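What follows is a single structure, written as structure tokens, with notes after it.
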Amino acid sequence: MSSKHIGSASCSIDKYLKYFYDIAVECPYGLPQKAIYRQQQFVSLPDDLFGNFLEAGFRRNGNTIYTMVCPNCRKCIPIRIDSGEFAPNRNQKRVLRQNEDLTISMGQLRITEEKLFLCGSFLKERFPLKGNSPVGYYGTFFANSVTNTVEVEYRCGEKLIGVGIVDIGCEWVNAVYFYFDPSEKGRSLGTFNILHLINLCRKNNISNVYLGYLIREVRAMRYKENFKPHYLLQDRVWVKS
């Protein structure tokens with residue numbers, strides 16, 4: 001097991017942290033503990049500064065940069081992949097073969113009826129009791145960005161079956177969100193999206209692929225741990241697992 005210290009990254013964001021404030025809410029992942037977001041809103045962030053926030057374990061929700069500081073709970077563990085070190089396992093190789101028929105395109109974020117319909121179908125399947133709106137997700141979460149954000153579209157023929165919302169910098173890629181056609185569950189599109197991002201980084205000499213949080217207690221979040229080797233941020237140190 002090896003580790004990578006945050007070092008100067010945390011220093012470069014220190015002057016901004018005094019402007020952050022805490023918000024208490026019910027845990028968004030369904031855990032019984034009270035959740036505390038430490039957050040601040042920005043109009044835009046330079047590439048290197050946003051990368052430093054990622055390095056320090058922060059996430060982005062729209063134009064809000066946040067980290068979790070929940071009392072007595074450290075189950076949200078930031079996870080990232082080094083694209084040069086990653087080696088797909090047997091199942092991930094199967095997922096790659098299974099999705100060879102897909103057409104993948106990447107471009108600036110655009111709101112269309114096709115995407116809203118697909119996102120709505122996904123939210124209804126994944127969060128049936130929360131009343132989430134695809135218009136709300138696009139308007140406040142996806143489109144309201146502070147950095148260079150793109151969409152990755154996955155199509156089977158002409159049919160749109162998956163969309164990844166991704167932040168891209170010179171030295172990092174940040175997987176923000178992914179939604180897909182619930183009828184295509186057998187394709188393991190969430191895994192395929194991450195595999196595509198890793199390959200994209202390799203081709204462009206980008207090392208770090210940030211996957212958000214690993215939460216072992218939440219079934220939908222556990223699959224991230226299957227990408228090996230990976231790094232987990234523990235006590236301000238990225239530890240290789």
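Labeling convention for the structure tokens: chains A, B, ... as they appear, residues from 1 per chain, ligands from 1 in order of appearance.
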Quick one: residues within 8 Å of Asn63 in chain A, only C-alpha atoms, excluding same-chain residues fewer than 4 positions away - as an mmCIF file with C-alpha atoms, in the first residue's frame?
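Writing the result to result.cif gives the following:
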```cif
data_model
loop_
_atom_site.group_PDB
_atom_site.id
_atom_site.type_symbol
_atom_site.label_atom_id
_atom_site.label_comp_id
_atom_site.auth_asym_id
_atom_site.auth_seq_id
_atom_site.Cartn_x
_atom_site.Cartn_y
_atom_site.Cartn_z
ATOM 1 C CA GLN A 41 -20.501 29.301 -4.211
ATOM 2 C CA PHE A 42 -18.226 30.551 -6.986
ATOM 3 C CA VAL A 43 -18.777 32.237 -10.323
ATOM 4 C CA SER A 44 -15.810 30.460 -11.906
ATOM 5 C CA PHE A 141 -26.613 20.945 -11.103
ATOM 6 C CA ASN A 144 -24.571 25.772 -13.590
ATOM 7 C CA SER A 145 -20.836 25.094 -13.624
ATOM 8 C CA VAL A 146 -17.684 26.948 -12.548
#
```
Pull the closest atom pair for each residue of range 13-61 of chain A that gets at most 10 Å from range 205-221 of chain A, along with the distance in Å to one decimal, counting only C-alpha atoms, ordering rows by chain and then ascending residue number, as a tab-separated table.
```
residue	atom	partner	partner_atom	distance
A:Tyr29	CA	A:Val218	CA	7.1
A:Gly30	CA	A:Val218	CA	8.2
A:Leu31	CA	A:Glu217	CA	8.2
A:Gly51	CA	A:Asn208	CA	9.7
A:Leu54	CA	A:Tyr210	CA	7.5
A:Glu55	CA	A:Tyr210	CA	8.9
A:Gly57	CA	A:Gly212	CA	8.5
A:Phe58	CA	A:Gly212	CA	8.7
A:Arg59	CA	A:Gly212	CA	6.8
A:Arg60	CA	A:Gly212	CA	9.2
```
Set out as JSON lines a contact list for range 59-169 of chain A and range 10-20 of chain A with a cut-off of 12 Å, giving each residue of range 59-169 of chain A that qualifies its closest atom pair and distance in Å to one decimal, counting only C-alpha atoms, ordered by chain and rising residue number.
```
{"residue": "A:Thr64", "atom": "CA", "partner": "A:Phe20", "partner_atom": "CA", "distance": 10.2}
{"residue": "A:Ile65", "atom": "CA", "partner": "A:Phe20", "partner_atom": "CA", "distance": 9.0}
{"residue": "A:Tyr66", "atom": "CA", "partner": "A:Phe20", "partner_atom": "CA", "distance": 8.4}
{"residue": "A:Thr67", "atom": "CA", "partner": "A:Phe20", "partner_atom": "CA", "distance": 9.9}
{"residue": "A:Met68", "atom": "CA", "partner": "A:Phe20", "partner_atom": "CA", "distance": 11.9}
{"residue": "A:Val69", "atom": "CA", "partner": "A:Phe20", "partner_atom": "CA", "distance": 11.9}
```
Same residues, N, CA and C atoms, saved as a short mmCIF file (atom, residue, chain, number, x, y, z; two decimals), in the first residue's frame:
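What landed in out15.cif:
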```cif
data_model
loop_
_atom_site.label_atom_id
_atom_site.label_comp_id
_atom_site.auth_asym_id
_atom_site.auth_seq_id
_atom_site.Cartn_x
_atom_site.Cartn_y
_atom_site.Cartn_z
N THR A 64 -21.49 25.26 -6.61
CA THR A 64 -21.12 25.10 -5.20
C THR A 64 -19.98 24.09 -5.06
N ILE A 65 -18.93 24.49 -4.37
CA ILE A 65 -17.83 23.59 -4.02
C ILE A 65 -18.03 23.19 -2.56
N TYR A 66 -17.96 21.91 -2.28
CA TYR A 66 -18.27 21.45 -0.93
C TYR A 66 -17.43 20.25 -0.53
N THR A 67 -17.40 20.01 0.77
CA THR A 67 -16.87 18.78 1.33
C THR A 67 -17.78 18.38 2.48
N MET A 68 -17.74 17.11 2.86
CA MET A 68 -18.58 16.61 3.94
C MET A 68 -17.82 16.66 5.26
N VAL A 69 -18.42 17.25 6.28
CA VAL A 69 -17.80 17.32 7.61
C VAL A 69 -18.80 16.80 8.64
#
```
Neighbour list for Leu160 in chain A as an NGL selection string, cut-off 9 Å, only C-alpha atoms, skip fewer than 4 positions in-chain
:A and (114-115 or 118 or 153-156 or 180-181)
Include N, CA and C atoms and write out the residues we just selected as an mmCIF file, in the first residue's frame.
```cif
data_model
loop_
_atom_site.group_PDB
_atom_site.id
_atom_site.type_symbol
_atom_site.label_atom_id
_atom_site.label_comp_id
_atom_site.auth_asym_id
_atom_site.auth_seq_id
_atom_site.Cartn_x
_atom_site.Cartn_y
_atom_site.Cartn_z
ATOM 1 N N GLU A 114 -34.626 15.110 -25.662
ATOM 2 C CA GLU A 114 -34.163 13.719 -25.612
ATOM 3 C C GLU A 114 -33.436 13.431 -24.304
ATOM 4 N N LYS A 115 -32.565 14.338 -23.896
ATOM 5 C CA LYS A 115 -31.815 14.143 -22.659
ATOM 6 C C LYS A 115 -32.714 14.284 -21.432
ATOM 7 N N LEU A 118 -34.606 11.054 -21.015
ATOM 8 C CA LEU A 118 -33.764 9.970 -20.496
ATOM 9 C C LEU A 118 -33.422 10.198 -19.037
ATOM 10 N N GLU A 153 -21.944 11.454 -24.586
ATOM 11 C CA GLU A 153 -23.167 10.770 -24.997
ATOM 12 C C GLU A 153 -22.842 9.363 -25.484
ATOM 13 N N TYR A 154 -23.656 8.406 -25.051
ATOM 14 C CA TYR A 154 -23.516 7.014 -25.472
ATOM 15 C C TYR A 154 -24.790 6.625 -26.225
ATOM 16 N N ARG A 155 -24.622 6.189 -27.470
ATOM 17 C CA ARG A 155 -25.764 5.832 -28.310
ATOM 18 C C ARG A 155 -25.624 4.409 -28.843
ATOM 19 N N CYS A 156 -26.776 3.736 -28.893
ATOM 20 C CA CYS A 156 -26.893 2.440 -29.569
ATOM 21 C C CYS A 156 -27.693 2.712 -30.841
ATOM 22 N N PHE A 180 -28.597 6.952 -17.197
ATOM 23 C CA PHE A 180 -28.709 6.017 -18.317
ATOM 24 C C PHE A 180 -30.118 5.455 -18.412
ATOM 25 N N ASP A 181 -30.389 4.790 -19.513
ATOM 26 C CA ASP A 181 -31.682 4.154 -19.761
ATOM 27 C C ASP A 181 -31.841 2.968 -18.818
#
```
Per DSSP on the backbone, what are the alpha helix (DSSP H) residues of range 142-231 of chain A, as a ChimeraX atom specification?
/A:189-203
Any chance you can output those residues with N, CA and C atoms as a PDB file, in the first residue's frame?
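Written out: selection-v7.pdb:
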```pdb
ATOM      1  N   LEU A 189     -23.559   0.282 -17.717  1.00  0.00           N
ATOM      2  CA  LEU A 189     -23.128   1.530 -18.336  1.00  0.00           C
ATOM      3  C   LEU A 189     -22.367   2.444 -17.379  1.00  0.00           C
ATOM      4  N   GLY A 190     -22.662   2.378 -16.093  1.00  0.00           N
ATOM      5  CA  GLY A 190     -21.905   3.177 -15.129  1.00  0.00           C
ATOM      6  C   GLY A 190     -20.438   2.784 -15.125  1.00  0.00           C
ATOM      7  N   THR A 191     -20.192   1.479 -15.148  1.00  0.00           N
ATOM      8  CA  THR A 191     -18.814   0.978 -15.228  1.00  0.00           C
ATOM      9  C   THR A 191     -18.190   1.353 -16.555  1.00  0.00           C
ATOM     10  N   PHE A 192     -18.944   1.217 -17.646  1.00  0.00           N
ATOM     11  CA  PHE A 192     -18.411   1.529 -18.966  1.00  0.00           C
ATOM     12  C   PHE A 192     -18.046   3.004 -19.080  1.00  0.00           C
ATOM     13  N   ASN A 193     -18.854   3.880 -18.486  1.00  0.00           N
ATOM     14  CA  ASN A 193     -18.559   5.311 -18.514  1.00  0.00           C
ATOM     15  C   ASN A 193     -17.210   5.602 -17.862  1.00  0.00           C
ATOM     16  N   ILE A 194     -16.959   5.000 -16.707  1.00  0.00           N
ATOM     17  CA  ILE A 194     -15.684   5.228 -16.025  1.00  0.00           C
ATOM     18  C   ILE A 194     -14.521   4.664 -16.837  1.00  0.00           C
ATOM     19  N   LEU A 195     -14.703   3.487 -17.418  1.00  0.00           N
ATOM     20  CA  LEU A 195     -13.655   2.907 -18.263  1.00  0.00           C
ATOM     21  C   LEU A 195     -13.339   3.828 -19.439  1.00  0.00           C
ATOM     22  N   HIS A 196     -14.370   4.415 -20.028  1.00  0.00           N
ATOM     23  CA  HIS A 196     -14.152   5.349 -21.131  1.00  0.00           C
ATOM     24  C   HIS A 196     -13.378   6.573 -20.665  1.00  0.00           C
ATOM     25  N   LEU A 197     -13.713   7.122 -19.490  1.00  0.00           N
ATOM     26  CA  LEU A 197     -13.012   8.292 -18.979  1.00  0.00           C
ATOM     27  C   LEU A 197     -11.551   7.975 -18.692  1.00  0.00           C
ATOM     28  N   ILE A 198     -11.283   6.795 -18.168  1.00  0.00           N
ATOM     29  CA  ILE A 198      -9.895   6.390 -17.911  1.00  0.00           C
ATOM     30  C   ILE A 198      -9.119   6.311 -19.219  1.00  0.00           C
ATOM     31  N   ASN A 199      -9.712   5.700 -20.238  1.00  0.00           N
ATOM     32  CA  ASN A 199      -9.048   5.609 -21.542  1.00  0.00           C
ATOM     33  C   ASN A 199      -8.840   6.994 -22.159  1.00  0.00           C
ATOM     34  N   LEU A 200      -9.829   7.878 -21.978  1.00  0.00           N
ATOM     35  CA  LEU A 200      -9.710   9.252 -22.474  1.00  0.00           C
ATOM     36  C   LEU A 200      -8.517   9.944 -21.827  1.00  0.00           C
ATOM     37  N   CYS A 201      -8.351   9.746 -20.527  1.00  0.00           N
ATOM     38  CA  CYS A 201      -7.233  10.361 -19.811  1.00  0.00           C
ATOM     39  C   CYS A 201      -5.898   9.801 -20.288  1.00  0.00           C
ATOM     40  N   ARG A 202      -5.836   8.503 -20.500  1.00  0.00           N
ATOM     41  CA  ARG A 202      -4.596   7.909 -21.001  1.00  0.00           C
ATOM     42  C   ARG A 202      -4.180   8.520 -22.331  1.00  0.00           C
ATOM     43  N   LYS A 203      -5.141   8.690 -23.227  1.00  0.00           N
ATOM     44  CA  LYS A 203      -4.847   9.226 -24.556  1.00  0.00           C
ATOM     45  C   LYS A 203      -4.384  10.675 -24.497  1.00  0.00           C
TER      46      LYS A 203
END
```
